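Trainee: One file: start_22.csv (CSV, C-alpha atoms).
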```csv
chain,number,residue,atom,x,y,z
U,21,MET,CA,-5.9,20.5,-37.2
U,22,PRO,CA,-3.9,21.8,-40.1
U,23,ILE,CA,-1.9,18.6,-40.5
U,24,VAL,CA,-3.7,16.2,-42.7
U,25,VAL,CA,-2.8,12.5,-42.9
U,26,ASN,CA,-3.1,11.2,-46.4
U,27,LEU,CA,-2.6,7.6,-45.5
U,28,ASP,CA,-5.6,6.3,-47.4
U,29,VAL,CA,-4.3,7.8,-50.6
U,30,MET,CA,-1.0,6.1,-50.2
U,31,MET,CA,-2.6,2.9,-49.2
U,32,ALA,CA,-4.8,3.0,-52.4
U,33,LYS,CA,-1.7,3.7,-54.5
U,34,ARG,CA,0.2,0.8,-53.0
U,35,LYS,CA,-3.0,-1.4,-53.1
U,36,ILE,CA,-2.6,-2.4,-49.5
U,37,SER,CA,-5.5,-3.0,-47.0
U,38,ALA,CA,-5.7,-1.4,-43.6
U,39,GLY,CA,-5.5,-4.8,-41.8
U,40,GLU,CA,-2.4,-5.7,-43.7
U,41,LEU,CA,-0.6,-2.4,-43.2
U,42,ALA,CA,-1.5,-2.5,-39.5
U,43,ASP,CA,0.0,-5.9,-39.3
U,44,ARG,CA,3.2,-4.9,-41.1
U,45,VAL,CA,3.7,-1.7,-39.1
U,46,ASP,CA,2.9,-3.5,-35.9
U,47,ILE,CA,0.1,-1.3,-34.7
U,48,THR,CA,-3.5,-2.2,-33.9
U,49,PRO,CA,-6.2,-1.7,-36.7
U,50,ALA,CA,-8.0,0.6,-34.3
U,51,ASN,CA,-4.9,2.8,-34.0
U,52,LEU,CA,-4.4,2.8,-37.8
U,53,SER,CA,-8.0,3.9,-38.1
U,54,ILE,CA,-7.4,6.8,-35.7
U,55,LEU,CA,-4.4,7.8,-37.9
U,56,LYS,CA,-6.3,7.4,-41.2
U,57,ASN,CA,-9.3,9.4,-40.0
U,58,ASN,CA,-7.1,12.3,-38.8
U,59,LYS,CA,-8.0,11.8,-35.2
U,60,ALA,CA,-4.4,11.3,-34.0
U,61,LYS,CA,-2.8,14.0,-31.9
U,62,ALA,CA,0.8,12.9,-32.5
U,63,VAL,CA,2.7,10.3,-34.5
U,64,ARG,CA,5.8,8.6,-33.2
U,65,PHE,CA,8.9,8.7,-35.4
U,66,SER,CA,9.1,4.9,-35.1
U,67,THR,CA,5.5,4.5,-36.5
U,68,LEU,CA,6.1,7.0,-39.3
U,69,GLU,CA,9.4,5.2,-40.2
U,70,ALA,CA,7.5,1.9,-40.3
U,71,ILE,CA,4.7,3.3,-42.5
U,72,CYS,CA,7.2,4.9,-44.9
U,73,ARG,CA,9.1,1.7,-45.1
U,74,GLU,CA,6.1,-0.5,-45.8
U,75,LEU,CA,4.5,2.0,-48.2
U,76,ASP,CA,7.9,2.9,-49.8
U,77,CYS,CA,7.2,6.6,-49.5
U,78,GLN,CA,8.5,9.8,-47.8
U,79,PRO,CA,6.9,11.3,-44.7
U,80,GLY,CA,5.7,14.2,-46.9
U,81,ASP,CA,3.6,11.7,-49.0
U,82,VAL,CA,1.7,10.7,-45.9
U,83,LEU,CA,1.5,14.0,-44.0
U,84,GLU,CA,0.4,17.3,-45.5
U,85,TYR,CA,0.2,20.8,-44.0
U,86,VAL,CA,-3.1,22.7,-44.9
U,87,LYS,CA,-3.5,26.3,-43.8
U,88,ASP,CA,-6.4,27.0,-41.6
U,89,GLU,CA,-9.1,29.3,-43.2
Q,6,MET,CA,-1.8,-7.4,-2.7
Q,7,ALA,CA,-2.2,-5.7,0.7
Q,8,LYS,CA,-1.9,-2.3,-1.0
Q,9,LYS,CA,-4.7,-3.2,-3.5
Q,10,TRP,CA,-6.9,-4.4,-0.7
Q,11,THR,CA,-6.4,-1.2,1.3
Q,12,ALA,CA,-7.2,0.9,-1.8
Q,13,THR,CA,-10.4,-1.0,-2.4
Q,14,LYS,CA,-11.4,-0.6,1.3
Q,15,SER,CA,-10.6,3.1,1.3
Q,16,LEU,CA,-12.8,3.6,-1.8
Q,17,PHE,CA,-15.6,1.6,-0.2
Q,18,LEU,CA,-15.2,3.7,3.0
Q,19,SER,CA,-15.4,7.0,1.1
Q,20,ARG,CA,-18.5,5.8,-0.8
Q,21,MET,CA,-20.2,4.8,2.5
Q,22,LEU,CA,-19.3,8.1,4.1
Q,23,THR,CA,-20.7,10.0,1.2
Q,24,ILE,CA,-24.0,8.0,1.3
Q,25,ALA,CA,-24.2,8.5,5.0
Q,26,SER,CA,-23.6,12.3,4.6
Q,27,MET,CA,-26.3,12.4,2.0
Q,28,ALA,CA,-28.7,10.7,4.3
Q,29,ILE,CA,-27.9,13.1,7.1
Q,30,ALA,CA,-28.3,16.1,4.7
Q,31,VAL,CA,-31.7,14.8,3.6
Q,32,ILE,CA,-32.9,14.2,7.2
Q,33,THR,CA,-31.6,17.7,8.1
Q,34,LEU,CA,-33.9,19.2,5.4
Q,35,PHE,CA,-36.9,18.2,7.6
Q,36,CYS,CA,-35.3,19.6,10.8
Q,37,ILE,CA,-34.2,23.0,9.6
Q,38,PRO,CA,-37.1,25.0,11.2
Q,39,TYR,CA,-36.4,23.4,14.6
Q,40,LEU,CA,-32.6,24.0,14.2
Q,41,ALA,CA,-33.3,27.7,13.4
Q,42,GLU,CA,-35.5,28.0,16.4
Q,43,TRP,CA,-33.0,26.3,18.6
Q,44,TYR,CA,-30.2,28.6,17.3
Q,45,ASP,CA,-32.3,31.7,18.1
Q,46,ALA,CA,-33.0,30.4,21.6
Q,47,ILE,CA,-29.4,29.7,22.5
Q,48,SER,CA,-27.6,32.5,20.6
Q,49,GLY,CA,-28.8,35.4,22.8
Q,50,ASN,CA,-28.8,37.7,19.8
Q,51,PRO,CA,-31.9,39.3,18.1
Q,52,PRO,CA,-33.9,36.5,16.3
Q,53,ILE,CA,-33.1,35.9,12.6
Q,54,ARG,CA,-35.3,32.8,12.2
Q,55,ASN,CA,-36.6,33.4,8.7
Q,56,GLN,CA,-33.3,34.4,7.1
Q,57,LEU,CA,-31.6,31.5,8.8
Q,58,ILE,CA,-34.3,29.0,7.5
Q,59,VAL,CA,-33.9,30.2,3.9
Q,60,CYS,CA,-30.2,30.2,4.2
Q,61,LEU,CA,-30.1,26.7,5.7
Q,62,TYR,CA,-32.5,25.3,3.1
Q,63,ILE,CA,-30.4,26.6,0.2
Q,64,SER,CA,-27.1,25.5,1.8
Q,65,ASP,CA,-28.5,22.0,2.5
Q,66,ALA,CA,-29.8,21.7,-1.1
Q,67,LEU,CA,-26.4,22.7,-2.4
Q,68,GLY,CA,-24.8,20.3,0.0
Q,69,ILE,CA,-26.9,17.4,-1.3
Q,70,LEU,CA,-26.1,18.4,-4.9
Q,71,ALA,CA,-22.3,18.5,-4.0
Q,72,LEU,CA,-22.6,15.1,-2.3
Q,73,TRP,CA,-24.4,13.6,-5.3
Q,74,GLN,CA,-21.6,14.8,-7.5
Q,75,LEU,CA,-19.1,13.2,-5.1
Q,76,HIS,CA,-21.0,10.0,-5.3
Q,77,ARG,CA,-20.9,10.0,-9.1
Q,78,LEU,CA,-17.1,10.7,-8.9
Q,79,LEU,CA,-16.5,7.8,-6.5
Q,80,ARG,CA,-18.6,5.5,-8.7
Q,81,ASN,CA,-16.5,6.5,-11.8
Q,82,ILE,CA,-13.3,5.8,-9.8
Q,83,ASN,CA,-14.7,2.4,-8.8
Q,84,LEU,CA,-15.3,1.7,-12.5
Q,85,GLN,CA,-11.6,2.6,-13.2
Q,86,ARG,CA,-12.7,5.7,-15.1
Q,87,VAL,CA,-10.5,8.3,-13.4
Q,88,PHE,CA,-9.1,10.7,-16.0
Q,89,VAL,CA,-12.3,11.5,-17.8
Q,90,SER,CA,-13.9,14.9,-18.4
Q,91,GLU,CA,-17.1,13.8,-16.5
Q,92,ASN,CA,-15.0,13.7,-13.3
Q,93,ALA,CA,-13.7,17.2,-13.9
Q,94,ALA,CA,-17.3,18.4,-14.4
Q,95,CYS,CA,-18.2,16.8,-11.1
Q,96,PHE,CA,-15.4,18.8,-9.4
Q,97,ARG,CA,-16.6,22.0,-11.1
Q,98,VAL,CA,-20.2,21.5,-9.8
Q,99,ILE,CA,-18.9,20.8,-6.3
Q,100,ALA,CA,-16.6,23.9,-6.4
Q,101,TRP,CA,-19.5,26.1,-7.5
Q,102,CYS,CA,-21.7,24.7,-4.8
Q,103,CYS,CA,-19.1,25.7,-2.2
Q,104,PHE,CA,-18.8,29.2,-3.7
Q,105,ALA,CA,-22.6,29.6,-3.7
Q,106,VAL,CA,-22.7,28.6,0.0
Q,107,ALA,CA,-19.9,31.0,0.7
Q,108,GLY,CA,-21.7,33.8,-1.1
Q,109,LEU,CA,-24.9,33.0,0.8
Q,110,TRP,CA,-23.3,33.1,4.2
Q,111,LEU,CA,-21.3,36.2,3.3
Q,112,PHE,CA,-24.6,37.9,2.6
Q,113,MET,CA,-25.9,36.6,6.0
Q,114,PHE,CA,-22.8,38.1,7.6
Q,115,VAL,CA,-23.3,41.4,5.9
Q,116,THR,CA,-27.0,41.6,6.9
Q,117,CYS,CA,-26.9,40.0,10.4
Q,118,ARG,CA,-23.3,40.9,11.5
Q,119,ARG,CA,-22.4,37.6,13.3
Q,120,PHE,CA,-18.8,36.5,13.1
Q,121,HIS,CA,-19.5,32.7,12.8
Q,122,GLU,CA,-21.4,33.4,9.5
Q,123,PHE,CA,-18.2,34.9,8.2
Q,124,ILE,CA,-16.3,31.8,9.3
Q,125,ILE,CA,-18.7,29.5,7.5
Q,126,ALA,CA,-18.4,31.6,4.4
Q,127,PHE,CA,-14.6,31.6,4.6
Q,128,MET,CA,-14.5,27.9,5.1
Q,129,ALA,CA,-16.8,27.2,2.1
Q,130,ALA,CA,-14.9,29.6,-0.1
Q,131,PHE,CA,-11.6,27.9,0.9
Q,132,ALA,CA,-13.0,24.4,0.2
Q,133,GLY,CA,-14.3,25.7,-3.2
Q,134,LEU,CA,-10.9,27.1,-4.1
Q,135,ILE,CA,-9.1,23.8,-3.3
Q,136,ILE,CA,-11.7,21.8,-5.2
Q,137,ARG,CA,-11.4,24.2,-8.2
Q,138,VAL,CA,-7.6,23.7,-8.2
Q,139,ILE,CA,-8.1,19.9,-8.2
Q,140,LYS,CA,-10.6,20.3,-11.1
Q,141,ASN,CA,-7.9,22.3,-13.1
Q,142,LEU,CA,-5.4,19.5,-12.3
Q,143,LEU,CA,-7.8,16.8,-13.4
Q,144,GLU,CA,-8.6,18.7,-16.6
Q,145,ALA,CA,-4.9,18.9,-17.4
Q,146,ALA,CA,-4.6,15.1,-16.7
Q,147,VAL,CA,-7.6,14.3,-19.0
Q,148,GLU,CA,-5.9,16.3,-21.8
Q,149,LEU,CA,-2.6,14.5,-21.2
Q,150,ARG,CA,-4.3,11.1,-21.2
Q,151,GLU,CA,-6.2,12.0,-24.5
Q,152,GLU,CA,-2.9,13.1,-26.1
Q,153,ASN,CA,-1.3,9.8,-24.9
Q,154,ASP,CA,-4.2,7.7,-26.2
Q,155,TYR,CA,-4.1,9.5,-29.6
Q,156,THR,CA,-0.4,9.2,-30.1
Q,157,ILE,CA,0.2,6.5,-32.6
```
Show me, as structure tokens, the structure contained in the file I just sent.
Mentor:
Amino acid sequence: MPIVVNLDVMMAKRKISAGELADRVDITPANLSILKNNKAKAVRFSTLEAICRELDCQPGDVLEYVKDE
Amino acid sequence: MAKKWTATKSLFLSRMLTIASMAIAVITLFCIPYLAEWYDAISGNPPIRNQLIVCLYISDALGILALWQLHRLLRNINLQRVFVSENAACFRVIAWCCFAVAGLWLFMFVTCRRFHEFIIAFMAAFAGLIIRVIKNLLEAAVELREENDYTI
């Protein structure tokens, strides 16, 4: 899929662990892992909002469009 | 509570009927030559014993395969695995079994010119078509479930 989730990059920048972020965003660690590993098919606005709030970033910092070859 | 009990009983009944049908289909395998002879004796038409035996053996084998797929499907439903691609694959195999039986009996109708062979072919093709539509429906449901599961 041409949408890439750069959640791990932002998490490293903010020095926050997956378990802690999952706890703060109120999603399960398994779902956070799906998101981090680019396996998600869709992201709810409420989840994106919580991620941006906790990581203090913009949606564009987490999501990136990469053209298919 | 009563609804749940009825659903469990219904599933159990379906599984038992499938197993019973499979047993009948397996027993029929051993009786096919006698059935063909009996048919030739009562039909009053020119004998077609050999073609009929081949046709019945293939149809019965396909029937057993379809029933086995049905058994797998019911086992998955019993395990609460309903919207999975394995079930869609079972429906696909069953539909192709029906189409193969339809093709076989259509060939028999073309070669032997007996109307009831056309009826069997038509019924098998119609059943195959309905099962294929159910397969398409289940495939769409599997896709929707996956999308729902992977929406975070």
Trainee: Can you tell me how far atom CA of U:Asp28 sits from atom CA of U:Val82, in Å to one decimal?
Mentor: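 For atom CA of U:Asp28 relative to atom CA of U:Val82, the distance reads 8.7 Å.
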Trainee: Within 8 Å of chain Q, which residues belong to chain U? Use only C-alpha atoms and report them as number ranges by chain.
Mentor: U: 51-52, 54-55, 59-64, 67
Trainee: Taking 4 positions as the minimum chain separation for residues in the same chain, which residues sit within 9 Å of Q:Gly68 when counting all atoms listed in the file? Answer as a list in words.
Mentor: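 So, after excluding close chain neighbours, the residues are Met27, Ala30, Ile63, Ser64, Leu72, Trp73, Ile99, Cys102, Cys103 and Val106 of chain Q.
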Trainee: Enter the distance from atom CA of Q:Ala66 to atom CA of Q:Val31, in Å, rounded to one decimal.
Mentor: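 Separating atom CA of Q:Ala66 from atom CA of Q:Val31 is a distance of 8.6 Å.
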Trainee: Of the residues U:Val45, U:Cys72, U:Lys56, U:Glu40, which is the one nearest to U:Val24, using all atoms listed in the file?
Mentor: U:Lys56
Trainee: Counting only C-alpha atoms, which residues come within 12 Å of (4.1, 5.2, -46.9), with the point read in the file's coordinates, and could you list them as a PyMOL selection string?
Mentor: chain U and resi 25-36+41+44-45+67-83
Trainee: Can you tell me, as a PyMOL selection string, what residues are no more than 12 Å from Q:Phe35 when counting all atoms listed in the file, ignoring any on the same chain fewer than 6 positions away?
Mentor: chain Q and resi 28-29+41+58+61-62+65-66
Trainee: For Q:Ser19, find every residue with an atom within 12 Å (counting all atoms listed in the file), except residues of its own chain fewer than 6 positions away, and show them as an MDAnalysis selection string.
Mentor: chainID Q and resid 12:13 25:26 72 75:80 82:83
Trainee: With C-alpha atoms kept, could you save the residues just selected as a PDB file, keeping the file's coordinate frame?
Mentor:
```pdb
ATOM      1  CA  ALA Q  12      -7.200   0.900  -1.800  1.00  0.00           C
ATOM      2  CA  THR Q  13     -10.400  -1.000  -2.400  1.00  0.00           C
ATOM      3  CA  ALA Q  25     -24.200   8.500   5.000  1.00  0.00           C
ATOM      4  CA  SER Q  26     -23.600  12.300   4.600  1.00  0.00           C
ATOM      5  CA  LEU Q  72     -22.600  15.100  -2.300  1.00  0.00           C
ATOM      6  CA  LEU Q  75     -19.100  13.200  -5.100  1.00  0.00           C
ATOM      7  CA  HIS Q  76     -21.000  10.000  -5.300  1.00  0.00           C
ATOM      8  CA  ARG Q  77     -20.900  10.000  -9.100  1.00  0.00           C
ATOM      9  CA  LEU Q  78     -17.100  10.700  -8.900  1.00  0.00           C
ATOM     10  CA  LEU Q  79     -16.500   7.800  -6.500  1.00  0.00           C
ATOM     11  CA  ARG Q  80     -18.600   5.500  -8.700  1.00  0.00           C
ATOM     12  CA  ILE Q  82     -13.300   5.800  -9.800  1.00  0.00           C
ATOM     13  CA  ASN Q  83     -14.700   2.400  -8.800  1.00  0.00           C
TER      14      ASN Q  83
END
```
Trainee: Do you have the atom CA of Q:Cys117-atom CA of Q:Ser48 distance handy?
Mentor: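 A separation of 12.7 Å between them.
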